[in-house]
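Okay, run35.txt is below, compact mmCIF, N, CA and C atoms:
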```txt
# COMPACT_ATOMS: atom_id res chain seq x y z
N MET A 1 62.89 111.00 139.90
CA MET A 1 62.60 112.17 139.12
C MET A 1 63.69 112.42 138.10
N ARG A 2 64.96 112.18 138.45
CA ARG A 2 66.05 112.44 137.51
C ARG A 2 65.84 111.70 136.20
N ARG A 3 65.39 110.45 136.31
CA ARG A 3 65.20 109.65 135.11
C ARG A 3 64.11 110.26 134.22
N LYS A 4 63.00 110.67 134.82
CA LYS A 4 61.91 111.27 134.04
C LYS A 4 62.38 112.55 133.38
N LEU A 5 63.08 113.39 134.14
CA LEU A 5 63.56 114.65 133.60
C LEU A 5 64.59 114.40 132.51
N SER A 6 65.47 113.42 132.71
CA SER A 6 66.47 113.15 131.68
C SER A 6 65.83 112.64 130.40
N VAL A 7 64.73 111.90 130.51
CA VAL A 7 64.01 111.45 129.31
C VAL A 7 63.43 112.66 128.59
N LEU A 8 62.85 113.59 129.34
CA LEU A 8 62.30 114.79 128.71
C LEU A 8 63.41 115.64 128.09
N ARG A 9 64.53 115.77 128.80
CA ARG A 9 65.65 116.55 128.24
C ARG A 9 66.23 115.88 127.00
N ALA A 10 66.29 114.55 127.01
CA ALA A 10 66.81 113.83 125.84
C ALA A 10 65.94 114.09 124.62
N SER A 11 64.67 114.34 124.85
CA SER A 11 63.78 114.63 123.72
C SER A 11 64.19 115.91 123.00
N ASN A 12 64.93 116.79 123.69
CA ASN A 12 65.42 118.01 123.04
C ASN A 12 66.30 117.70 121.83
N ARG A 13 67.01 116.58 121.89
CA ARG A 13 67.90 116.20 120.78
C ARG A 13 67.12 115.69 119.58
N ILE A 14 65.93 115.17 119.81
CA ILE A 14 65.18 114.55 118.72
C ILE A 14 64.07 115.44 118.18
N LEU A 15 63.44 116.19 119.05
CA LEU A 15 62.29 116.98 118.63
C LEU A 15 62.71 118.33 118.05
N LYS A 16 62.03 118.71 116.99
CA LYS A 16 62.23 120.03 116.42
C LYS A 16 61.39 121.04 117.20
N SER A 17 61.77 122.27 117.12
CA SER A 17 60.99 123.32 117.76
C SER A 17 59.55 123.26 117.23
N GLY A 18 58.60 123.32 118.13
CA GLY A 18 57.18 123.25 117.74
C GLY A 18 56.60 121.85 117.79
N ALA A 19 57.47 120.83 117.96
CA ALA A 19 56.96 119.45 118.06
C ALA A 19 56.21 119.29 119.39
N ARG A 20 55.23 118.43 119.39
CA ARG A 20 54.41 118.20 120.58
C ARG A 20 54.78 116.86 121.21
N THR A 21 54.62 116.80 122.53
CA THR A 21 54.76 115.56 123.26
C THR A 21 53.50 115.36 124.09
N ALA A 22 53.20 114.12 124.35
CA ALA A 22 52.05 113.78 125.21
C ALA A 22 52.37 112.49 125.93
N PHE A 23 51.97 112.43 127.20
CA PHE A 23 52.16 111.20 127.95
C PHE A 23 51.16 111.15 129.09
N LEU A 24 50.84 109.92 129.48
CA LEU A 24 49.92 109.66 130.60
C LEU A 24 50.71 109.25 131.82
N VAL A 25 50.27 109.71 132.99
CA VAL A 25 50.89 109.29 134.24
C VAL A 25 49.81 109.02 135.28
N ILE A 26 50.16 108.17 136.21
CA ILE A 26 49.37 108.00 137.43
C ILE A 26 50.19 108.71 138.49
N GLU A 27 49.59 109.67 139.17
CA GLU A 27 50.33 110.50 140.10
C GLU A 27 49.52 110.73 141.38
N PRO A 28 50.18 111.24 142.40
CA PRO A 28 49.45 111.53 143.64
C PRO A 28 48.44 112.65 143.41
N GLY A 29 47.37 112.63 144.17
CA GLY A 29 46.42 113.73 144.13
C GLY A 29 47.10 115.02 144.57
N ALA A 30 46.49 116.15 144.24
CA ALA A 30 47.07 117.45 144.55
C ALA A 30 47.03 117.73 146.05
N GLY A 31 48.10 118.35 146.54
CA GLY A 31 48.15 118.85 147.91
C GLY A 31 48.06 117.83 149.02
N LEU A 32 48.57 116.63 148.78
CA LEU A 32 48.49 115.59 149.80
C LEU A 32 49.52 115.81 150.91
N GLU A 33 49.10 115.54 152.12
CA GLU A 33 50.04 115.56 153.25
C GLU A 33 50.95 114.34 153.11
N PRO A 34 52.11 114.36 153.76
CA PRO A 34 53.11 113.27 153.60
C PRO A 34 52.55 111.87 153.82
N ARG A 35 51.70 111.68 154.80
CA ARG A 35 51.14 110.35 155.08
C ARG A 35 50.35 109.83 153.87
N LEU A 36 49.58 110.72 153.24
CA LEU A 36 48.77 110.31 152.08
C LEU A 36 49.64 110.13 150.84
N ARG A 37 50.70 110.91 150.71
CA ARG A 37 51.64 110.72 149.58
C ARG A 37 52.30 109.34 149.70
N ARG A 38 52.63 108.93 150.93
CA ARG A 38 53.21 107.60 151.13
C ARG A 38 52.21 106.51 150.74
N ARG A 39 50.95 106.72 151.08
CA ARG A 39 49.91 105.76 150.70
C ARG A 39 49.80 105.69 149.18
N ALA A 40 49.83 106.84 148.51
CA ALA A 40 49.77 106.87 147.04
C ALA A 40 50.94 106.10 146.45
N ALA A 41 52.13 106.30 147.01
CA ALA A 41 53.33 105.60 146.51
C ALA A 41 53.23 104.10 146.75
N ARG A 42 52.62 103.71 147.84
CA ARG A 42 52.49 102.28 148.17
C ARG A 42 51.46 101.60 147.27
N VAL A 43 50.37 102.27 146.96
CA VAL A 43 49.26 101.67 146.21
C VAL A 43 49.47 101.80 144.70
N GLY A 44 50.04 102.90 144.26
CA GLY A 44 50.19 103.15 142.83
C GLY A 44 51.47 102.55 142.28
N PRO A 45 51.71 102.76 140.99
CA PRO A 45 52.96 102.28 140.38
C PRO A 45 54.16 103.06 140.91
N ALA A 46 55.35 102.56 140.65
CA ALA A 46 56.58 103.16 141.18
C ALA A 46 56.71 104.64 140.85
N ALA A 47 56.27 105.06 139.69
CA ALA A 47 56.41 106.46 139.27
C ALA A 47 55.60 107.42 140.12
N VAL A 48 54.68 106.92 140.93
CA VAL A 48 53.85 107.79 141.76
C VAL A 48 54.68 108.54 142.78
N SER A 49 55.83 108.04 143.14
CA SER A 49 56.63 108.67 144.19
C SER A 49 57.39 109.90 143.71
N VAL A 50 57.10 110.41 142.54
CA VAL A 50 57.76 111.61 142.02
C VAL A 50 57.49 112.80 142.96
N ARG A 51 58.54 113.59 143.20
CA ARG A 51 58.42 114.71 144.14
C ARG A 51 58.16 116.04 143.44
N THR A 52 58.46 116.13 142.17
CA THR A 52 58.27 117.35 141.40
C THR A 52 57.08 117.16 140.46
N SER A 53 56.37 118.23 140.19
CA SER A 53 55.22 118.11 139.29
C SER A 53 55.68 117.81 137.86
N TYR A 54 54.87 117.09 137.14
CA TYR A 54 55.20 116.80 135.74
C TYR A 54 55.19 118.07 134.91
N ALA A 55 54.29 118.99 135.22
CA ALA A 55 54.27 120.27 134.51
C ALA A 55 55.59 121.01 134.73
N GLY A 56 56.10 120.97 135.95
CA GLY A 56 57.39 121.59 136.24
C GLY A 56 58.53 120.92 135.49
N MET A 57 58.49 119.59 135.42
CA MET A 57 59.53 118.88 134.67
C MET A 57 59.47 119.22 133.19
N LEU A 58 58.26 119.32 132.64
CA LEU A 58 58.13 119.70 131.23
C LEU A 58 58.71 121.10 131.00
N ASN A 59 58.41 122.01 131.88
CA ASN A 59 58.93 123.37 131.76
C ASN A 59 60.45 123.38 131.83
N THR A 60 61.02 122.66 132.79
CA THR A 60 62.47 122.57 132.93
C THR A 60 63.12 121.96 131.69
N ALA A 61 62.41 121.05 131.05
CA ALA A 61 62.94 120.38 129.86
C ALA A 61 62.64 121.17 128.58
N ARG A 62 62.28 122.44 128.72
CA ARG A 62 62.06 123.36 127.59
C ARG A 62 60.81 123.06 126.77
N PHE A 63 59.72 122.73 127.46
CA PHE A 63 58.43 122.62 126.79
C PHE A 63 57.55 123.79 127.23
N SER A 64 56.70 124.24 126.34
CA SER A 64 55.77 125.32 126.66
C SER A 64 54.36 124.85 126.32
N GLU A 65 53.39 125.73 126.47
CA GLU A 65 51.99 125.40 126.20
C GLU A 65 51.61 124.07 126.87
N ILE A 66 52.03 123.94 128.10
CA ILE A 66 51.82 122.70 128.86
C ILE A 66 50.36 122.61 129.29
N THR A 67 49.77 121.45 129.03
CA THR A 67 48.39 121.22 129.46
C THR A 67 48.32 119.96 130.29
N GLU A 68 47.33 119.93 131.16
CA GLU A 68 47.04 118.76 131.98
C GLU A 68 45.57 118.42 131.79
N GLN A 69 45.27 117.18 131.49
CA GLN A 69 43.88 116.74 131.39
C GLN A 69 43.67 115.60 132.38
N ASP A 70 42.74 115.80 133.30
CA ASP A 70 42.45 114.80 134.33
C ASP A 70 41.62 113.67 133.73
N LEU A 71 42.17 112.47 133.73
CA LEU A 71 41.50 111.29 133.19
C LEU A 71 41.22 110.27 134.29
N THR A 72 41.11 110.75 135.52
CA THR A 72 40.95 109.88 136.67
C THR A 72 39.67 109.06 136.59
N ARG A 73 38.60 109.68 136.12
CA ARG A 73 37.32 108.95 136.06
C ARG A 73 37.43 107.73 135.15
N THR A 74 38.04 107.88 134.00
CA THR A 74 38.19 106.73 133.10
C THR A 74 39.20 105.72 133.64
N PHE A 75 40.21 106.20 134.37
CA PHE A 75 41.16 105.30 135.03
C PHE A 75 40.43 104.43 136.04
N ARG A 76 39.54 105.04 136.82
CA ARG A 76 38.75 104.30 137.80
C ARG A 76 37.86 103.26 137.10
N GLU A 77 37.21 103.68 136.02
CA GLU A 77 36.35 102.75 135.27
C GLU A 77 37.15 101.57 134.73
N THR A 78 38.36 101.83 134.27
CA THR A 78 39.23 100.77 133.77
C THR A 78 39.59 99.78 134.87
N GLN A 79 39.91 100.29 136.06
CA GLN A 79 40.21 99.41 137.18
C GLN A 79 39.02 98.52 137.51
N LEU A 80 37.82 99.11 137.53
CA LEU A 80 36.61 98.33 137.81
C LEU A 80 36.35 97.29 136.72
N ASP A 81 36.64 97.65 135.46
CA ASP A 81 36.49 96.68 134.36
C ASP A 81 37.45 95.51 134.54
N TRP A 82 38.70 95.79 134.95
CA TRP A 82 39.67 94.72 135.21
C TRP A 82 39.16 93.80 136.34
N ILE A 83 38.64 94.41 137.40
CA ILE A 83 38.11 93.62 138.51
C ILE A 83 36.99 92.72 138.04
N ASP A 84 36.06 93.28 137.27
CA ASP A 84 34.92 92.50 136.76
C ASP A 84 35.39 91.38 135.83
N ALA A 85 36.36 91.69 134.95
CA ALA A 85 36.85 90.68 134.01
C ALA A 85 37.54 89.53 134.76
N TYR A 86 38.35 89.87 135.74
CA TYR A 86 38.99 88.83 136.54
C TYR A 86 37.96 87.99 137.28
N ASP A 87 36.95 88.65 137.86
CA ASP A 87 35.90 87.91 138.56
C ASP A 87 35.15 86.98 137.61
N ALA A 88 34.89 87.45 136.39
CA ALA A 88 34.15 86.66 135.41
C ALA A 88 34.93 85.41 134.99
N HIS A 89 36.24 85.48 135.06
CA HIS A 89 37.09 84.36 134.63
C HIS A 89 37.94 83.82 135.78
N GLU A 90 37.42 83.95 136.98
CA GLU A 90 38.19 83.61 138.17
C GLU A 90 38.74 82.19 138.15
N ASN A 91 37.90 81.21 137.87
CA ASN A 91 38.35 79.81 137.90
C ASN A 91 39.51 79.57 136.95
N GLU A 92 39.36 80.05 135.70
CA GLU A 92 40.42 79.84 134.71
C GLU A 92 41.70 80.57 135.11
N LEU A 93 41.55 81.82 135.61
CA LEU A 93 42.72 82.59 135.99
C LEU A 93 43.45 81.98 137.18
N ARG A 94 42.70 81.49 138.14
CA ARG A 94 43.36 80.86 139.30
C ARG A 94 44.19 79.66 138.85
N LYS A 95 43.67 78.90 137.87
CA LYS A 95 44.43 77.76 137.34
C LYS A 95 45.66 78.22 136.58
N THR A 96 45.54 79.33 135.86
CA THR A 96 46.62 79.80 134.99
C THR A 96 47.71 80.55 135.75
N ILE A 97 47.30 81.51 136.57
CA ILE A 97 48.29 82.36 137.24
C ILE A 97 48.47 82.02 138.72
N GLY A 98 47.60 81.18 139.24
CA GLY A 98 47.68 80.79 140.64
C GLY A 98 46.80 81.68 141.52
N SER A 99 46.32 81.11 142.58
CA SER A 99 45.41 81.83 143.48
C SER A 99 46.09 83.01 144.16
N ASP A 100 47.34 82.84 144.54
CA ASP A 100 48.03 83.95 145.22
C ASP A 100 48.14 85.18 144.31
N VAL A 101 48.53 84.96 143.07
CA VAL A 101 48.67 86.07 142.12
C VAL A 101 47.30 86.68 141.84
N PHE A 102 46.30 85.83 141.63
CA PHE A 102 44.94 86.33 141.40
C PHE A 102 44.50 87.23 142.55
N ASP A 103 44.63 86.74 143.77
CA ASP A 103 44.20 87.51 144.94
C ASP A 103 44.99 88.80 145.08
N GLU A 104 46.28 88.73 144.83
CA GLU A 104 47.13 89.93 144.94
C GLU A 104 46.72 90.99 143.93
N ARG A 105 46.47 90.59 142.69
CA ARG A 105 46.08 91.55 141.65
C ARG A 105 44.72 92.17 141.95
N GLN A 106 43.77 91.35 142.38
CA GLN A 106 42.44 91.88 142.69
C GLN A 106 42.51 92.83 143.89
N ALA A 107 43.25 92.44 144.91
CA ALA A 107 43.39 93.31 146.09
C ALA A 107 44.04 94.64 145.70
N GLY A 108 45.06 94.57 144.85
CA GLY A 108 45.73 95.79 144.39
C GLY A 108 44.80 96.71 143.64
N ARG A 109 43.98 96.13 142.78
CA ARG A 109 43.03 96.95 142.02
C ARG A 109 41.99 97.59 142.94
N HIS A 110 41.53 96.84 143.92
CA HIS A 110 40.58 97.41 144.89
C HIS A 110 41.23 98.55 145.68
N GLN A 111 42.51 98.40 146.02
CA GLN A 111 43.22 99.47 146.73
C GLN A 111 43.35 100.71 145.85
N VAL A 112 43.60 100.51 144.57
CA VAL A 112 43.72 101.64 143.65
C VAL A 112 42.38 102.37 143.55
N VAL A 113 41.28 101.62 143.41
CA VAL A 113 39.95 102.25 143.33
C VAL A 113 39.68 103.05 144.60
N LYS A 114 40.00 102.49 145.75
CA LYS A 114 39.80 103.20 147.02
C LYS A 114 40.65 104.47 147.06
N ALA A 115 41.89 104.38 146.61
CA ALA A 115 42.77 105.55 146.60
C ALA A 115 42.25 106.62 145.64
N ILE A 116 41.69 106.21 144.51
CA ILE A 116 41.08 107.17 143.58
C ILE A 116 39.89 107.84 144.26
N ASP A 117 39.04 107.04 144.89
CA ASP A 117 37.86 107.59 145.57
C ASP A 117 38.25 108.54 146.70
N ASP A 118 39.40 108.31 147.32
CA ASP A 118 39.89 109.17 148.40
C ASP A 118 40.72 110.34 147.89
N ASN A 119 40.77 110.51 146.54
CA ASN A 119 41.53 111.60 145.89
C ASN A 119 43.03 111.52 146.18
N ILE A 120 43.53 110.31 146.34
CA ILE A 120 44.95 110.10 146.61
C ILE A 120 45.72 109.78 145.33
N LEU A 121 45.06 109.14 144.36
CA LEU A 121 45.66 108.85 143.06
C LEU A 121 44.83 109.50 141.97
N ARG A 122 45.53 109.91 140.93
CA ARG A 122 44.83 110.43 139.75
C ARG A 122 45.62 110.05 138.50
N ARG A 123 44.94 110.08 137.38
CA ARG A 123 45.59 109.81 136.09
C ARG A 123 45.50 111.10 135.28
N THR A 124 46.63 111.49 134.71
CA THR A 124 46.69 112.77 134.01
C THR A 124 47.37 112.59 132.65
N LEU A 125 46.82 113.28 131.65
CA LEU A 125 47.44 113.37 130.34
C LEU A 125 48.13 114.73 130.27
N TYR A 126 49.44 114.72 130.05
CA TYR A 126 50.21 115.96 129.91
C TYR A 126 50.60 116.14 128.44
N THR A 127 50.54 117.36 127.99
CA THR A 127 51.03 117.69 126.65
C THR A 127 51.88 118.94 126.75
N GLY A 128 52.76 119.10 125.79
CA GLY A 128 53.61 120.28 125.74
C GLY A 128 54.19 120.44 124.35
N VAL A 129 54.64 121.65 124.07
CA VAL A 129 55.26 121.97 122.78
C VAL A 129 56.74 122.26 123.03
N HIS A 130 57.57 121.61 122.25
CA HIS A 130 59.02 121.81 122.39
C HIS A 130 59.39 123.21 121.93
N ARG A 131 60.21 123.90 122.75
CA ARG A 131 60.63 125.28 122.39
C ARG A 131 61.87 125.23 121.53
```
Translate this file's structure into structure tokens.
Amino acid sequence: MRRKLSVLRASNRILKSGARTAFLVIEPGAGLEPRLRRRAARVGPAAVSVRTSYAGMLNTARFSEITEQDLTRTFRETQLDWIDAYDAHENELRKTIGSDVFDERQAGRHQVVKAIDDNILRRTLYTGVHR
């Protein structure tokens, strides 16, 4: 979390008052019990293990008019598109990246889709205005 917050705070030096910021994150679903947060951290990217809300970090870093837009549905569709594309080119990919890597990536994507379906992972677009 320190790194994310320090990046937002560093933006104070570059952004003028009234400037907007926007970024996408993959984060744990809301209100997860510890066991499910651990699953989200295991299945999602490293940044999923954040303990503080991104909205809170934006506020601490002097942003206002903070918005959150849930883009989980399109994130899920993208994962399914990756799975389909890999399946469509399976033979070539196995030759290029190896069977172990192919299987690992496909299994990971299936785990992400399952986590999305279980409301454990979500994708969010955050925006804020620099004060």
Pick from A:Arg42, A:Arg122, A:Arg37, A:Arg9 nearest to A:Gly108, counting only C-alpha atoms: A:Arg42
In stretch 22-106 of chain A, DSSP strand (DSSP E or B) residues written as a list in words: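 Here are the strand (DSSP E or B) residues of stretch 22-106 of chain A: Ala22, Phe23, Leu24, Val25, Ile26, Glu27, Pro28, Phe63, Ser64, Glu65, Ile66, Thr67, Glu68, Gln69 and Asp70 of chain A.
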Deliver the residues from the most recent selection as a file, using N, CA and C atoms, as a compact mmCIF listing (two decimals), in the coordinates of the input.
```
# COMPACT_ATOMS: atom_id res chain seq x y z
N ALA A 22 53.20 114.12 124.35
CA ALA A 22 52.05 113.78 125.21
C ALA A 22 52.37 112.49 125.93
N PHE A 23 51.97 112.43 127.20
CA PHE A 23 52.16 111.20 127.95
C PHE A 23 51.16 111.15 129.09
N LEU A 24 50.84 109.92 129.48
CA LEU A 24 49.92 109.66 130.60
C LEU A 24 50.71 109.25 131.82
N VAL A 25 50.27 109.71 132.99
CA VAL A 25 50.89 109.29 134.24
C VAL A 25 49.81 109.02 135.28
N ILE A 26 50.16 108.17 136.21
CA ILE A 26 49.37 108.00 137.43
C ILE A 26 50.19 108.71 138.49
N GLU A 27 49.59 109.67 139.17
CA GLU A 27 50.33 110.50 140.10
C GLU A 27 49.52 110.73 141.38
N PRO A 28 50.18 111.24 142.40
CA PRO A 28 49.45 111.53 143.64
C PRO A 28 48.44 112.65 143.41
N PHE A 63 59.72 122.73 127.46
CA PHE A 63 58.43 122.62 126.79
C PHE A 63 57.55 123.79 127.23
N SER A 64 56.70 124.24 126.34
CA SER A 64 55.77 125.32 126.66
C SER A 64 54.36 124.85 126.32
N GLU A 65 53.39 125.73 126.47
CA GLU A 65 51.99 125.40 126.20
C GLU A 65 51.61 124.07 126.87
N ILE A 66 52.03 123.94 128.10
CA ILE A 66 51.82 122.70 128.86
C ILE A 66 50.36 122.61 129.29
N THR A 67 49.77 121.45 129.03
CA THR A 67 48.39 121.22 129.46
C THR A 67 48.32 119.96 130.29
N GLU A 68 47.33 119.93 131.16
CA GLU A 68 47.04 118.76 131.98
C GLU A 68 45.57 118.42 131.79
N GLN A 69 45.27 117.18 131.49
CA GLN A 69 43.88 116.74 131.39
C GLN A 69 43.67 115.60 132.38
N ASP A 70 42.74 115.80 133.30
CA ASP A 70 42.45 114.80 134.33
C ASP A 70 41.62 113.67 133.73
```
For a quick check of understanding, using all atoms listed in the file, which of A:Gln79, A:Thr21, A:Thr52, A:Asn59 has the smallest distance to A:Val112?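 Selected residue with least distance to A:Val112: A:Gln79.
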From A:Leu93, A:Ala88, A:Leu24, A:Leu80, residue lying nearest A:Arg109 [only C-alpha atoms]: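 Looking at the shortest contact to A:Arg109, the residue is A:Leu80.
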Separation of atom CA of A:Glu65 from atom N of A:Thr127, in Å and rounded to one decimal: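 Rounded to one decimal, the two atoms are 8.4 Å apart.
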With distances taken over only N, CA and C atoms, which residue among A:Ser17, A:Thr67, A:Ser49, A:Ser11 lies nearest A:Tyr126?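 Looking only at the distances to A:Tyr126, the closest residue turns out to be A:Thr67.
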Among listed residues A:Ala115, A:Leu121, A:Val129, A:Val50, nearest A:Thr72 (using all atoms listed in the file):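 With all atoms listed in the file as the atom set, the closest residue is A:Leu121.
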A:Ala41, A:Arg105, A:Thr78, A:Val48 ranked by distance to A:Val25, top pick (using only N, CA and C atoms): A:Val48
State, in Å with one decimal place, the distance from atom CA of A:Arg62 to atom CA of A:His130.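 So the answer is 6.2 Å.
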